[in-house]
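Peer 1: One file is attached below, query.tsv, containing TSV, C-alpha atoms.
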```tsv
chain	number	residue	atom	x	y	z
A	1	MET	CA	-140.83	5.03	-50.70
A	2	ASN	CA	-139.89	6.83	-53.94
A	3	ASN	CA	-140.40	5.18	-57.32
A	4	ALA	CA	-141.44	1.82	-55.89
A	5	LEU	CA	-141.77	-0.86	-58.55
A	6	PHE	CA	-142.72	-4.48	-58.62
A	7	ALA	CA	-139.94	-6.79	-59.75
A	8	TRP	CA	-139.12	-10.48	-59.79
A	9	VAL	CA	-136.05	-11.98	-58.17
A	10	LEU	CA	-134.66	-14.97	-60.05
A	11	PRO	CA	-132.37	-17.44	-58.28
A	12	CYS	CA	-129.76	-18.43	-60.86
A	13	GLY	CA	-127.76	-20.93	-58.80
A	14	ASN	CA	-124.44	-20.85	-56.96
A	15	GLN	CA	-125.71	-17.98	-54.73
A	16	TYR	CA	-126.36	-15.73	-57.72
A	17	GLN	CA	-129.64	-13.96	-58.18
A	18	ILE	CA	-130.85	-11.17	-60.42
A	19	ALA	CA	-133.90	-8.90	-60.49
A	20	VAL	CA	-136.01	-8.21	-63.55
A	21	ALA	CA	-138.79	-5.68	-63.99
A	22	GLU	CA	-142.27	-7.08	-63.62
A	23	TYR	CA	-143.16	-6.36	-67.25
A	24	GLN	CA	-140.15	-8.34	-68.51
A	25	MET	CA	-141.21	-11.62	-66.96
A	26	VAL	CA	-143.64	-13.57	-69.10
A	27	GLU	CA	-143.88	-17.00	-67.50
A	28	PHE	CA	-142.13	-19.47	-65.24
A	29	VAL	CA	-141.86	-22.94	-66.76
A	30	GLN	CA	-141.12	-25.71	-64.30
A	31	ASN	CA	-139.02	-28.66	-65.49
A	32	PRO	CA	-139.00	-27.73	-69.18
A	33	ALA	CA	-138.08	-30.19	-71.92
A	34	CYS	CA	-134.61	-28.95	-72.81
A	35	ILE	CA	-133.25	-29.45	-76.29
A	36	GLU	CA	-129.48	-29.52	-76.68
A	37	VAL	CA	-128.04	-27.35	-79.43
A	38	PRO	CA	-124.58	-28.27	-80.68
A	39	LEU	CA	-121.71	-25.80	-81.05
A	40	THR	CA	-123.15	-23.22	-78.69
A	41	PRO	CA	-121.47	-21.18	-75.90
A	42	ALA	CA	-121.10	-22.94	-72.55
A	43	HIS	CA	-123.70	-20.74	-70.83
A	44	CYS	CA	-126.28	-21.31	-73.54
A	45	ARG	CA	-126.21	-24.96	-74.53
A	46	SER	CA	-129.92	-25.70	-74.84
A	47	GLY	CA	-133.34	-24.23	-75.43
A	48	LEU	CA	-137.00	-25.05	-75.27
A	49	ILE	CA	-140.00	-24.76	-77.51
A	50	TRP	CA	-142.28	-22.22	-75.91
A	51	ARG	CA	-145.54	-21.08	-77.54
A	52	LYS	CA	-144.28	-22.10	-80.98
A	53	HIS	CA	-141.03	-20.17	-80.46
A	54	PHE	CA	-137.59	-21.47	-79.68
A	55	ALA	CA	-136.21	-19.79	-76.56
A	56	PRO	CA	-132.51	-20.22	-75.67
A	57	ILE	CA	-131.89	-21.26	-72.05
A	58	VAL	CA	-129.26	-18.99	-70.50
A	59	ASP	CA	-127.31	-20.24	-67.49
A	60	LEU	CA	-126.15	-17.08	-65.72
A	61	ALA	CA	-124.21	-18.99	-63.07
A	62	ARG	CA	-122.22	-20.69	-65.82
A	63	LEU	CA	-121.64	-17.32	-67.46
A	64	ALA	CA	-120.36	-16.06	-64.10
A	65	GLY	CA	-117.74	-18.80	-64.22
A	66	ALA	CA	-119.30	-21.57	-62.17
A	67	SER	CA	-118.06	-24.91	-63.46
A	68	HIS	CA	-120.80	-26.88	-61.76
A	69	THR	CA	-124.24	-25.43	-61.36
A	70	GLU	CA	-127.09	-26.50	-59.11
A	71	THR	CA	-130.00	-28.54	-60.39
A	72	MET	CA	-132.44	-26.59	-62.52
A	73	ASN	CA	-135.92	-26.13	-61.11
A	74	GLY	CA	-137.31	-24.29	-64.11
A	75	VAL	CA	-136.81	-21.39	-66.46
A	76	THR	CA	-138.21	-17.89	-66.48
A	77	ILE	CA	-139.26	-16.70	-69.90
A	78	ILE	CA	-138.14	-13.12	-70.33
A	79	ALA	CA	-139.24	-10.75	-73.07
A	80	TYR	CA	-136.84	-8.14	-74.33
A	81	GLN	CA	-136.47	-5.85	-77.28
A	82	PRO	CA	-133.12	-6.38	-79.04
A	83	GLN	CA	-133.21	-2.83	-80.44
A	84	PRO	CA	-135.76	-0.07	-80.90
A	85	HIS	CA	-138.58	-1.07	-83.27
A	86	ALA	CA	-137.31	-4.66	-83.46
A	87	PRO	CA	-139.68	-7.54	-82.68
A	88	VAL	CA	-139.70	-8.82	-79.11
A	89	GLY	CA	-137.21	-11.56	-78.32
A	90	TYR	CA	-137.45	-14.24	-75.65
A	91	LEU	CA	-134.84	-15.71	-73.35
A	92	ALA	CA	-135.32	-18.54	-70.89
A	93	LEU	CA	-133.25	-17.86	-67.78
A	94	ARG	CA	-132.25	-21.00	-65.89
A	95	ASN	CA	-133.48	-20.94	-62.28
A	96	THR	CA	-132.79	-23.13	-59.29
A	97	ALA	CA	-136.07	-22.11	-57.61
A	98	PRO	CA	-139.22	-20.29	-58.69
A	99	PRO	CA	-138.99	-16.48	-58.88
A	100	THR	CA	-140.30	-14.33	-56.05
A	101	ARG	CA	-142.13	-11.04	-56.47
A	102	VAL	CA	-140.75	-8.07	-54.58
A	103	VAL	CA	-141.10	-4.32	-54.39
A	104	ILE	CA	-137.95	-2.32	-55.00
A	105	SER	CA	-137.27	1.39	-54.77
A	106	ASP	CA	-134.47	3.88	-55.31
A	107	GLU	CA	-133.45	3.62	-51.65
A	108	GLN	CA	-132.35	0.04	-52.24
A	109	ALA	CA	-129.68	0.97	-54.78
A	110	CYS	CA	-126.31	-0.43	-53.70
A	111	PRO	CA	-122.78	-0.90	-55.07
A	112	LEU	CA	-121.76	-4.13	-56.77
A	113	PRO	CA	-120.08	-6.58	-54.40
A	114	GLU	CA	-116.31	-7.00	-54.61
A	115	ASP	CA	-116.56	-10.55	-55.87
A	116	TYR	CA	-118.98	-9.62	-58.64
A	117	PRO	CA	-118.49	-11.83	-61.72
A	118	GLN	CA	-116.41	-10.14	-64.42
A	119	ALA	CA	-118.55	-11.60	-67.21
A	120	TRP	CA	-121.66	-9.94	-65.80
A	121	LEU	CA	-120.11	-6.45	-65.63
A	122	GLU	CA	-120.84	-5.50	-69.22
A	123	LEU	CA	-124.46	-6.63	-68.78
A	124	THR	CA	-125.15	-4.80	-65.53
A	125	LEU	CA	-127.42	-1.76	-65.43
A	126	SER	CA	-127.66	-1.29	-61.68
A	127	CYS	CA	-127.77	-3.13	-58.40
A	128	VAL	CA	-130.25	-3.19	-55.53
A	129	SER	CA	-130.10	-4.69	-52.09
A	130	ILE	CA	-132.89	-7.22	-51.54
A	131	GLN	CA	-133.06	-8.73	-48.06
A	132	GLY	CA	-129.43	-7.80	-47.60
A	133	ARG	CA	-128.22	-9.37	-50.83
A	134	ALA	CA	-126.78	-7.31	-53.67
A	135	THR	CA	-129.00	-8.18	-56.62
A	136	PRO	CA	-128.06	-6.87	-60.06
A	137	ILE	CA	-130.45	-5.73	-62.75
A	138	LEU	CA	-129.11	-6.84	-66.11
A	139	ASP	CA	-129.51	-5.49	-69.62
A	140	LEU	CA	-131.37	-8.45	-71.08
A	141	SER	CA	-131.04	-7.26	-74.65
A	142	ARG	CA	-127.26	-7.53	-74.34
A	143	LEU	CA	-127.63	-10.98	-72.83
A	144	GLY	CA	-129.47	-12.02	-75.99
A	145	MET	CA	-126.75	-10.71	-78.28
A	146	LYS	CA	-124.03	-12.65	-80.02
A	147	PRO	CA	-121.38	-13.69	-77.47
A	148	ARG	CA	-118.03	-11.96	-77.44
A	149	PRO	CA	-115.12	-14.13	-78.62
A	150	ASP	CA	-113.89	-14.69	-75.04
A	151	ARG	CA	-117.31	-16.01	-74.03
A	152	ARG	CA	-117.51	-18.55	-76.83
A	153	ALA	CA	-117.05	-22.14	-75.85
A	154	ALA	CA	-118.18	-24.10	-78.85
B	1	MET	CA	-137.08	-12.74	-82.39
B	2	ALA	CA	-138.29	-12.36	-85.93
B	3	ALA	CA	-140.63	-15.17	-86.92
B	4	GLU	CA	-140.60	-15.54	-90.65
B	5	GLN	CA	-143.20	-16.58	-93.08
B	6	HIS	CA	-141.35	-19.42	-94.69
B	7	SER	CA	-142.33	-22.10	-97.09
B	8	GLY	CA	-140.44	-24.65	-99.07
B	9	HIS	CA	-139.45	-28.22	-99.46
B	10	TYR	CA	-136.64	-29.68	-97.44
B	11	ALA	CA	-134.89	-32.96	-96.83
B	12	LEU	CA	-134.96	-33.70	-93.10
B	13	LEU	CA	-131.98	-35.70	-91.82
B	14	SER	CA	-131.83	-37.18	-88.33
B	15	PHE	CA	-128.63	-37.67	-86.35
B	16	GLY	CA	-129.79	-39.22	-83.10
B	17	ASP	CA	-131.97	-36.55	-81.46
B	18	LEU	CA	-130.68	-33.85	-83.77
B	19	ARG	CA	-132.75	-32.97	-86.84
B	20	ILE	CA	-131.27	-30.85	-89.61
B	21	ALA	CA	-133.07	-29.95	-92.82
B	22	PHE	CA	-131.54	-28.88	-96.13
B	23	SER	CA	-133.34	-27.35	-99.06
B	24	GLN	CA	-134.18	-30.04	-101.57
B	25	ALA	CA	-132.34	-27.90	-104.12
B	26	ASP	CA	-129.11	-28.77	-102.25
B	27	VAL	CA	-129.77	-32.52	-102.41
B	28	ALA	CA	-128.25	-34.27	-105.41
B	29	GLN	CA	-129.05	-37.86	-104.51
B	30	ILE	CA	-129.60	-40.24	-101.63
B	31	GLY	CA	-127.40	-43.30	-101.27
B	32	LEU	CA	-127.09	-46.22	-98.92
B	33	ALA	CA	-124.41	-46.47	-96.26
B	34	ILE	CA	-123.55	-50.03	-97.39
B	35	ASP	CA	-122.30	-48.54	-100.66
B	36	VAL	CA	-119.74	-46.32	-98.94
B	37	ASP	CA	-116.21	-47.39	-99.80
B	38	PRO	CA	-114.08	-46.97	-96.64
B	39	ALA	CA	-110.93	-47.49	-98.68
B	40	LEU	CA	-111.48	-44.01	-100.13
B	41	ARG	CA	-111.21	-42.44	-96.70
B	42	ASP	CA	-109.38	-39.13	-96.70
B	43	GLY	CA	-109.18	-36.64	-93.83
B	44	LYS	CA	-112.22	-36.52	-91.60
B	45	ASP	CA	-114.61	-38.39	-93.86
B	46	CYS	CA	-115.29	-42.08	-93.40
B	47	GLY	CA	-115.14	-43.13	-97.03
B	48	ALA	CA	-116.85	-42.10	-100.20
B	49	LEU	CA	-119.76	-42.85	-102.46
B	50	VAL	CA	-118.82	-42.89	-106.10
B	51	SER	CA	-121.33	-42.28	-108.86
B	52	LYS	CA	-121.00	-41.56	-112.56
B	53	GLU	CA	-121.20	-37.85	-111.91
B	54	ALA	CA	-119.13	-37.35	-108.82
B	55	ARG	CA	-117.25	-38.67	-105.83
B	56	TRP	CA	-119.01	-37.86	-102.58
B	57	PRO	CA	-116.85	-37.93	-99.43
B	58	VAL	CA	-119.15	-39.17	-96.68
B	59	TYR	CA	-119.08	-37.51	-93.27
B	60	SER	CA	-120.61	-39.03	-90.17
B	61	LEU	CA	-121.52	-36.38	-87.60
B	62	ASP	CA	-122.95	-37.17	-84.18
B	63	ALA	CA	-125.64	-35.18	-82.35
B	64	ALA	CA	-122.94	-32.76	-81.17
B	65	LEU	CA	-121.81	-32.40	-84.81
B	66	ALA	CA	-118.50	-34.05	-84.01
B	67	PRO	CA	-117.13	-36.22	-86.81
B	68	ALA	CA	-116.68	-39.98	-86.54
B	69	LEU	CA	-114.22	-41.85	-88.73
B	70	THR	CA	-116.41	-44.91	-89.11
B	71	LEU	CA	-120.07	-45.22	-90.00
B	72	PRO	CA	-122.22	-46.25	-87.03
B	73	GLU	CA	-124.56	-49.16	-87.79
B	74	ARG	CA	-127.66	-47.04	-87.37
B	75	ARG	CA	-126.60	-44.73	-90.16
B	76	ARG	CA	-128.28	-46.36	-93.12
B	77	PHE	CA	-128.51	-43.45	-95.52
B	78	CYS	CA	-126.13	-40.99	-97.10
B	79	VAL	CA	-127.54	-37.74	-98.42
B	80	CYS	CA	-125.37	-36.25	-101.15
B	81	LEU	CA	-125.31	-32.46	-101.01
B	82	ARG	CA	-123.98	-30.01	-103.52
B	83	ASP	CA	-122.81	-26.53	-102.59
B	84	HIS	CA	-123.76	-24.80	-105.82
B	85	ALA	CA	-122.07	-21.53	-104.82
B	86	ARG	CA	-118.59	-23.02	-104.53
B	87	GLY	CA	-118.88	-26.30	-106.37
B	88	ARG	CA	-118.29	-28.50	-103.34
B	89	ALA	CA	-119.88	-31.94	-103.08
B	90	PHE	CA	-120.12	-34.15	-100.01
B	91	ALA	CA	-122.49	-36.55	-98.28
B	92	LEU	CA	-123.79	-36.82	-94.73
B	93	SER	CA	-124.68	-40.15	-93.19
B	94	CYS	CA	-127.91	-40.15	-91.22
B	95	GLU	CA	-130.39	-42.47	-89.55
B	96	SER	CA	-133.35	-41.34	-91.58
B	97	VAL	CA	-134.18	-38.90	-94.32
B	98	THR	CA	-137.70	-37.69	-94.93
B	99	ALA	CA	-139.38	-34.86	-96.78
B	100	LEU	CA	-140.28	-31.76	-94.79
B	101	THR	CA	-142.61	-29.13	-96.13
B	102	ILE	CA	-142.58	-25.94	-94.15
B	103	GLY	CA	-146.10	-24.61	-94.09
B	104	GLN	CA	-147.89	-21.72	-92.48
B	105	GLU	CA	-148.46	-23.64	-89.26
B	106	MET	CA	-144.71	-23.69	-88.64
B	107	THR	CA	-142.51	-20.93	-87.30
B	108	VAL	CA	-139.07	-20.29	-88.75
B	109	GLU	CA	-136.68	-18.10	-86.78
B	110	ASP	CA	-132.98	-17.36	-86.93
B	111	LEU	CA	-130.87	-19.34	-84.49
B	112	PRO	CA	-130.92	-17.07	-81.40
B	113	GLU	CA	-128.02	-14.62	-81.50
B	114	CYS	CA	-126.67	-15.71	-78.14
B	115	MET	CA	-126.29	-19.26	-79.53
B	116	GLN	CA	-124.46	-18.25	-82.68
B	117	THR	CA	-120.80	-19.14	-82.97
B	118	PRO	CA	-118.58	-18.70	-86.03
B	119	SER	CA	-118.35	-22.44	-86.59
B	120	THR	CA	-122.01	-23.40	-86.49
B	121	PRO	CA	-123.64	-24.60	-89.70
B	122	LEU	CA	-127.09	-24.21	-88.08
B	123	ARG	CA	-128.79	-21.10	-89.39
B	124	GLN	CA	-132.46	-21.22	-88.42
B	125	VAL	CA	-134.86	-23.13	-86.20
B	126	VAL	CA	-138.26	-24.48	-87.15
B	127	THR	CA	-140.99	-25.20	-84.63
B	128	GLY	CA	-144.60	-26.14	-84.99
B	129	ASP	CA	-144.61	-29.84	-85.76
B	130	GLY	CA	-143.94	-30.87	-82.16
B	131	ALA	CA	-140.18	-31.11	-82.57
B	132	LEU	CA	-137.30	-28.76	-83.19
B	133	THR	CA	-135.64	-28.77	-86.58
B	134	PHE	CA	-132.58	-26.80	-87.56
B	135	LEU	CA	-132.18	-25.43	-91.06
B	136	SER	CA	-128.76	-25.48	-92.63
B	137	SER	CA	-127.49	-25.29	-96.20
B	138	ALA	CA	-124.96	-27.20	-98.25
B	139	THR	CA	-122.75	-24.09	-98.24
B	140	SER	CA	-122.87	-23.67	-94.45
B	141	MET	CA	-122.26	-27.37	-93.84
B	142	ALA	CA	-119.41	-27.48	-96.39
B	143	ASP	CA	-117.81	-24.51	-94.60
B	144	TYR	CA	-118.14	-26.33	-91.27
B	145	LEU	CA	-116.62	-29.54	-92.66
B	146	ALA	CA	-113.79	-27.56	-94.24
B	147	MET	CA	-113.11	-25.96	-90.85
B	148	LEU	CA	-112.98	-29.41	-89.21
B	149	GLU	CA	-110.54	-30.59	-91.85
B	150	ALA	CA	-108.38	-27.49	-91.43
B	151	ARG	CA	-108.34	-27.87	-87.63
B	152	GLY	CA	-107.59	-31.56	-87.93
B	153	GLU	CA	-110.52	-32.47	-85.71
```
Before anything else, please render the file you have as C-alpha cells.

Peer 2:
Amino acid sequence: MNNALFAWVLPCGNQYQIAVAEYQMVEFVQNPACIEVPLTPAHCRSGLIWRKHFAPIVDLARLAGASHTETMNGVTIIAYQPQPHAPVGYLALRNTAPPTRVVISDEQACPLPEDYPQAWLELTLSCVSIQGRATPILDLSRLGMKPRPDRRAA
Amino acid sequence: MAAEQHSGHYALLSFGDLRIAFSQADVAQIGLAIDVDPALRDGKDCGALVSKEARWPVYSLDAALAPALTLPERRRFCVCLRDHARGRAFALSCESVTALTIGQEMTVEDLPECMQTPSTPLRQVVTGDGALTFLSSATSMADYLAMLEARGE
C-alpha cells in the first residue's frame, strides 16, 4: 500500500461524508451547546464556544443543497490555516454520527460521483473510495472563507 | 483565527439570547422605553425619544435582528447611539444594558469569515465570560438600519 495515511471519515448527513487528514481533526464534541448567529449563510447559522474560541458550525449537507438535514450528533473541530503564516483557524463540522478512523492510500483515489453537489466542487481537492463510497477530501481553508454571493442566505 | 488582545469599556445590550456590545464612546444616553413616543414613528422605527439635544428614532430588533414596529413589553431600555463618523443618531430598545469591560481573560476575534455577510452589523465575537457577546459599532448598526429602511423590511 503506497502512501498510506490515517484519516477520519465524517458523516455529514443526507448520505454525505467527507474525509479529513488525521492532523486536521482536533476533537469531536458530542451534543454541543449551539449559539445562533443572526444574518449568516444558511449552511453556517450557529457556532459554539470551544476552548475560549468561537468556532462556526458548518452544515455541509445544507451547503450541498439539502433542505432538511438529519439530527446532529456532534461536531468535529477542525484546524486549518487560512493562508500561509496566518494563525490557525477552527471550524466545527456538523456530524450525524461520530467520526471513524480509517487508513487511505493512493490506490483508493476515485472520480467524483455524477450526482456530486455543485456547491462542493470548488472546495474539493480529491476523492477516495472508502468501503465503496466516494468520499471527497475538501479544502478546509476555502470552507472557512467568506461565502460567495450565490451561497449567501442571510 | 486571530485572537486579539483587546481591552475597553462597552455597553452590553441584550435582545433575548443575543448580546451585542457597543463601545461606550458610541453611547450618548440611556432612556426608558416608556418615554418613547410612538406617534413619531417613521419607517422601520417604532417611535422616537426626544431630548434637548436630539431626536432618537428607536428601533426594536429581535434576536434574529429583524425589526419590530412596536416595542415588546420586555424591552425596558433604549440605548441612544451616535455614529460620530456620519452624524447619525438612533436608539436600540433592549431588555437590559450593563457595563462590559473586556479584560485579558477574554478573547476577542473577528466574526468568522464564513459567517460574514454584507448586511451584518456584527463585527467581532467575545468569549471568556461564559457567554458569547458580539461587538458592533454605531456606524455598523446605522448602516444595517439604513439598509433595512432602503429595502423596506

Peer 1: Can you list, as a ChimeraX atom specification, every protein, DNA or RNA residue that comes within 9 Å of segment 58-74 of chain A when you count all atoms listed in the file, leaving out same-chain residues fewer than 5 positions away?

Peer 2: /A:12-17,28-32,42-47,91-98,116-120,143-144,151 /B:114

Peer 1: Using all atoms listed in the file, select each residue of chain B with any atom at most 8 Å away from an atom of chain A, and give the selection as a VMD selection string.

Peer 2: chain B and resid 1 to 2 63 to 65 106 to 107 109 112 to 117 119 to 120 125 127 to 128 132

Peer 1: Which protein, DNA or RNA residues are at most 10 Å from (-116.1, -42.1, -99.5) in the file's coordinates when you count only C-alpha atoms, listed as a PyMOL selection string?

Peer 2: chain B and resi 33+35-42+45-50+55-59+90-91

Peer 1: Which residues are near Phe15 of chain B? Cut-off 10 Å, all atoms listed in the file, ignore same chain within fewer than 4 positions. Put them as a list in words.

Peer 2: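 In the requested form, the answer reads Arg19, Ile20, Ser60, Leu61, Asp62, Ala63, Ala64, Leu65, Arg74, Arg75, Leu92, Ser93, Cys94, Glu95, Ser96 and Val97 of chain B.
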
Peer 1: One decimal, in Å: what's the spacing between atom CA of Val26 of chain A and atom CA of Thr100 of chain A?

Peer 2: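 Taking atom CA of Val26 of chain A as the start and atom CA of Thr100 of chain A as the end point, the length is 13.5 Å.
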
Peer 1: Could you pull the residues within 6 Å of Ile137 of chain A, counting all atoms listed in the file, minus those fewer than 4 positions along the same chain, as JSON, numbers by chain?

Peer 2: {"A": [18, 19, 125, 126, 127]}

Peer 1: Can you work out the spacing between atom CA of Gln29 of chain B and atom CA of Ala99 of chain B in Å, to one decimal?

Peer 2: 13.2 Å

Peer 1: Would you mind telling me which residue in B:Arg86, B:Ala54, B:Lys44, B:Leu122 lies nearest to Leu69 of chain B when using all atoms listed in the file?

Peer 2: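 That would be B:Lys44, the residue with the smallest distance to Leu69 of chain B.
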
Peer 1: Quote the spacing between atom CA of Ala66 of chain B and atom CA of Ser51 of chain B in Å to one decimal place.

Peer 2: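 Answer for the atom CA of Ala66 of chain B to atom CA of Ser51 of chain B separation: 26.3 Å.
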
Peer 1: Excluding Ser129 of chain A and any residue of its chain fewer than 2 positions from it, enumerate the residues within 8 Å of it, using only C-alpha atoms, and give them as a PyMOL selection string.

Peer 2: chain A and resi 108-110+127+131-135

Peer 1: Working from the structure I just supplied, which lacks atoms in segment 50-79 of chain A, can you model N, CA and C atoms there and output them as a PDB file, in the coordinates of the input?

Peer 2:
```
ATOM      1  N   TRP A  50    -141.337 -22.930 -76.783  1.00  0.00           N
ATOM      2  CA  TRP A  50    -142.280 -22.220 -75.910  1.00  0.00           C
ATOM      3  C   TRP A  50    -143.240 -21.415 -76.795  1.00  0.00           C
ATOM      4  N   ARG A  51    -144.509 -21.754 -76.724  1.00  0.00           N
ATOM      5  CA  ARG A  51    -145.540 -21.080 -77.540  1.00  0.00           C
ATOM      6  C   ARG A  51    -145.113 -20.932 -78.995  1.00  0.00           C
ATOM      7  N   LYS A  52    -144.688 -22.017 -79.567  1.00  0.00           N
ATOM      8  CA  LYS A  52    -144.280 -22.100 -80.980  1.00  0.00           C
ATOM      9  C   LYS A  52    -142.998 -21.321 -81.288  1.00  0.00           C
ATOM     10  N   HIS A  53    -142.317 -20.829 -80.247  1.00  0.00           N
ATOM     11  CA  HIS A  53    -141.030 -20.170 -80.460  1.00  0.00           C
ATOM     12  C   HIS A  53    -139.939 -21.037 -79.833  1.00  0.00           C
ATOM     13  N   PHE A  54    -138.730 -20.819 -80.307  1.00  0.00           N
ATOM     14  CA  PHE A  54    -137.590 -21.470 -79.680  1.00  0.00           C
ATOM     15  C   PHE A  54    -136.901 -20.436 -78.797  1.00  0.00           C
ATOM     16  N   ALA A  55    -136.832 -20.721 -77.503  1.00  0.00           N
ATOM     17  CA  ALA A  55    -136.210 -19.790 -76.560  1.00  0.00           C
ATOM     18  C   ALA A  55    -134.909 -20.399 -76.037  1.00  0.00           C
ATOM     19  N   PRO A  56    -133.783 -19.695 -76.194  1.00  0.00           N
ATOM     20  CA  PRO A  56    -132.510 -20.220 -75.670  1.00  0.00           C
ATOM     21  C   PRO A  56    -132.507 -20.177 -74.143  1.00  0.00           C
ATOM     22  N   ILE A  57    -132.001 -21.221 -73.520  1.00  0.00           N
ATOM     23  CA  ILE A  57    -131.890 -21.260 -72.050  1.00  0.00           C
ATOM     24  C   ILE A  57    -130.508 -20.713 -71.671  1.00  0.00           C
ATOM     25  N   VAL A  58    -130.511 -19.639 -70.888  1.00  0.00           N
ATOM     26  CA  VAL A  58    -129.260 -18.990 -70.500  1.00  0.00           C
ATOM     27  C   VAL A  58    -128.948 -19.333 -69.049  1.00  0.00           C
ATOM     28  N   ASP A  59    -127.765 -19.860 -68.837  1.00  0.00           N
ATOM     29  CA  ASP A  59    -127.310 -20.240 -67.490  1.00  0.00           C
ATOM     30  C   ASP A  59    -126.380 -19.132 -66.990  1.00  0.00           C
ATOM     31  N   LEU A  60    -126.933 -18.232 -66.181  1.00  0.00           N
ATOM     32  CA  LEU A  60    -126.150 -17.080 -65.720  1.00  0.00           C
ATOM     33  C   LEU A  60    -125.036 -17.480 -64.758  1.00  0.00           C
ATOM     34  N   ALA A  61    -125.269 -18.532 -63.986  1.00  0.00           N
ATOM     35  CA  ALA A  61    -124.210 -18.990 -63.070  1.00  0.00           C
ATOM     36  C   ALA A  61    -123.016 -19.488 -63.872  1.00  0.00           C
ATOM     37  N   ARG A  62    -123.303 -20.205 -64.946  1.00  0.00           N
ATOM     38  CA  ARG A  62    -122.220 -20.690 -65.820  1.00  0.00           C
ATOM     39  C   ARG A  62    -121.503 -19.500 -66.454  1.00  0.00           C
ATOM     40  N   LEU A  63    -122.257 -18.505 -66.872  1.00  0.00           N
ATOM     41  CA  LEU A  63    -121.640 -17.320 -67.460  1.00  0.00           C
ATOM     42  C   LEU A  63    -120.755 -16.609 -66.432  1.00  0.00           C
ATOM     43  N   ALA A  64    -121.152 -16.689 -65.162  1.00  0.00           N
ATOM     44  CA  ALA A  64    -120.360 -16.060 -64.100  1.00  0.00           C
ATOM     45  C   ALA A  64    -119.075 -16.847 -63.819  1.00  0.00           C
ATOM     46  N   GLY A  65    -118.965 -18.027 -64.392  1.00  0.00           N
ATOM     47  CA  GLY A  65    -117.740 -18.800 -64.220  1.00  0.00           C
ATOM     48  C   GLY A  65    -117.891 -20.061 -63.422  1.00  0.00           C
ATOM     49  N   ALA A  66    -119.102 -20.345 -62.946  1.00  0.00           N
ATOM     50  CA  ALA A  66    -119.300 -21.570 -62.170  1.00  0.00           C
ATOM     51  C   ALA A  66    -119.096 -22.780 -63.074  1.00  0.00           C
ATOM     52  N   SER A  67    -118.303 -23.723 -62.620  1.00  0.00           N
ATOM     53  CA  SER A  67    -118.060 -24.910 -63.460  1.00  0.00           C
ATOM     54  C   SER A  67    -119.143 -25.952 -63.228  1.00  0.00           C
ATOM     55  N   HIS A  68    -119.726 -25.926 -62.049  1.00  0.00           N
ATOM     56  CA  HIS A  68    -120.800 -26.880 -61.760  1.00  0.00           C
ATOM     57  C   HIS A  68    -121.971 -26.081 -61.211  1.00  0.00           C
ATOM     58  N   THR A  69    -123.110 -26.209 -61.830  1.00  0.00           N
ATOM     59  CA  THR A  69    -124.240 -25.430 -61.360  1.00  0.00           C
ATOM     60  C   THR A  69    -125.279 -26.332 -60.710  1.00  0.00           C
ATOM     61  N   GLU A  70    -126.065 -25.732 -59.844  1.00  0.00           N
ATOM     62  CA  GLU A  70    -127.090 -26.500 -59.110  1.00  0.00           C
ATOM     63  C   GLU A  70    -128.181 -26.982 -60.050  1.00  0.00           C
ATOM     64  N   THR A  71    -128.938 -27.956 -59.578  1.00  0.00           N
ATOM     65  CA  THR A  71    -130.000 -28.540 -60.390  1.00  0.00           C
ATOM     66  C   THR A  71    -131.031 -27.488 -60.779  1.00  0.00           C
ATOM     67  N   MET A  72    -131.451 -27.568 -62.037  1.00  0.00           N
ATOM     68  CA  MET A  72    -132.440 -26.590 -62.520  1.00  0.00           C
ATOM     69  C   MET A  72    -133.822 -26.958 -62.003  1.00  0.00           C
ATOM     70  N   ASN A  73    -134.529 -25.939 -61.546  1.00  0.00           N
ATOM     71  CA  ASN A  73    -135.920 -26.130 -61.110  1.00  0.00           C
ATOM     72  C   ASN A  73    -136.878 -25.728 -62.221  1.00  0.00           C
ATOM     73  N   GLY A  74    -136.467 -24.761 -63.024  1.00  0.00           N
ATOM     74  CA  GLY A  74    -137.310 -24.290 -64.110  1.00  0.00           C
ATOM     75  C   GLY A  74    -136.637 -23.141 -64.827  1.00  0.00           C
ATOM     76  N   VAL A  75    -137.347 -22.559 -65.747  1.00  0.00           N
ATOM     77  CA  VAL A  75    -136.810 -21.390 -66.460  1.00  0.00           C
ATOM     78  C   VAL A  75    -137.839 -20.270 -66.428  1.00  0.00           C
ATOM     79  N   THR A  76    -137.339 -19.060 -66.387  1.00  0.00           N
ATOM     80  CA  THR A  76    -138.210 -17.890 -66.480  1.00  0.00           C
ATOM     81  C   THR A  76    -138.105 -17.337 -67.895  1.00  0.00           C
ATOM     82  N   ILE A  77    -139.239 -17.274 -68.559  1.00  0.00           N
ATOM     83  CA  ILE A  77    -139.260 -16.700 -69.900  1.00  0.00           C
ATOM     84  C   ILE A  77    -139.282 -15.184 -69.771  1.00  0.00           C
ATOM     85  N   ILE A  78    -138.315 -14.564 -70.403  1.00  0.00           N
ATOM     86  CA  ILE A  78    -138.140 -13.120 -70.330  1.00  0.00           C
ATOM     87  C   ILE A  78    -138.336 -12.529 -71.720  1.00  0.00           C
ATOM     88  N   ALA A  79    -139.085 -11.461 -71.797  1.00  0.00           N
ATOM     89  CA  ALA A  79    -139.240 -10.750 -73.070  1.00  0.00           C
ATOM     90  C   ALA A  79    -138.314  -9.553 -73.078  1.00  0.00           C
TER      91      ALA A  79
END
```
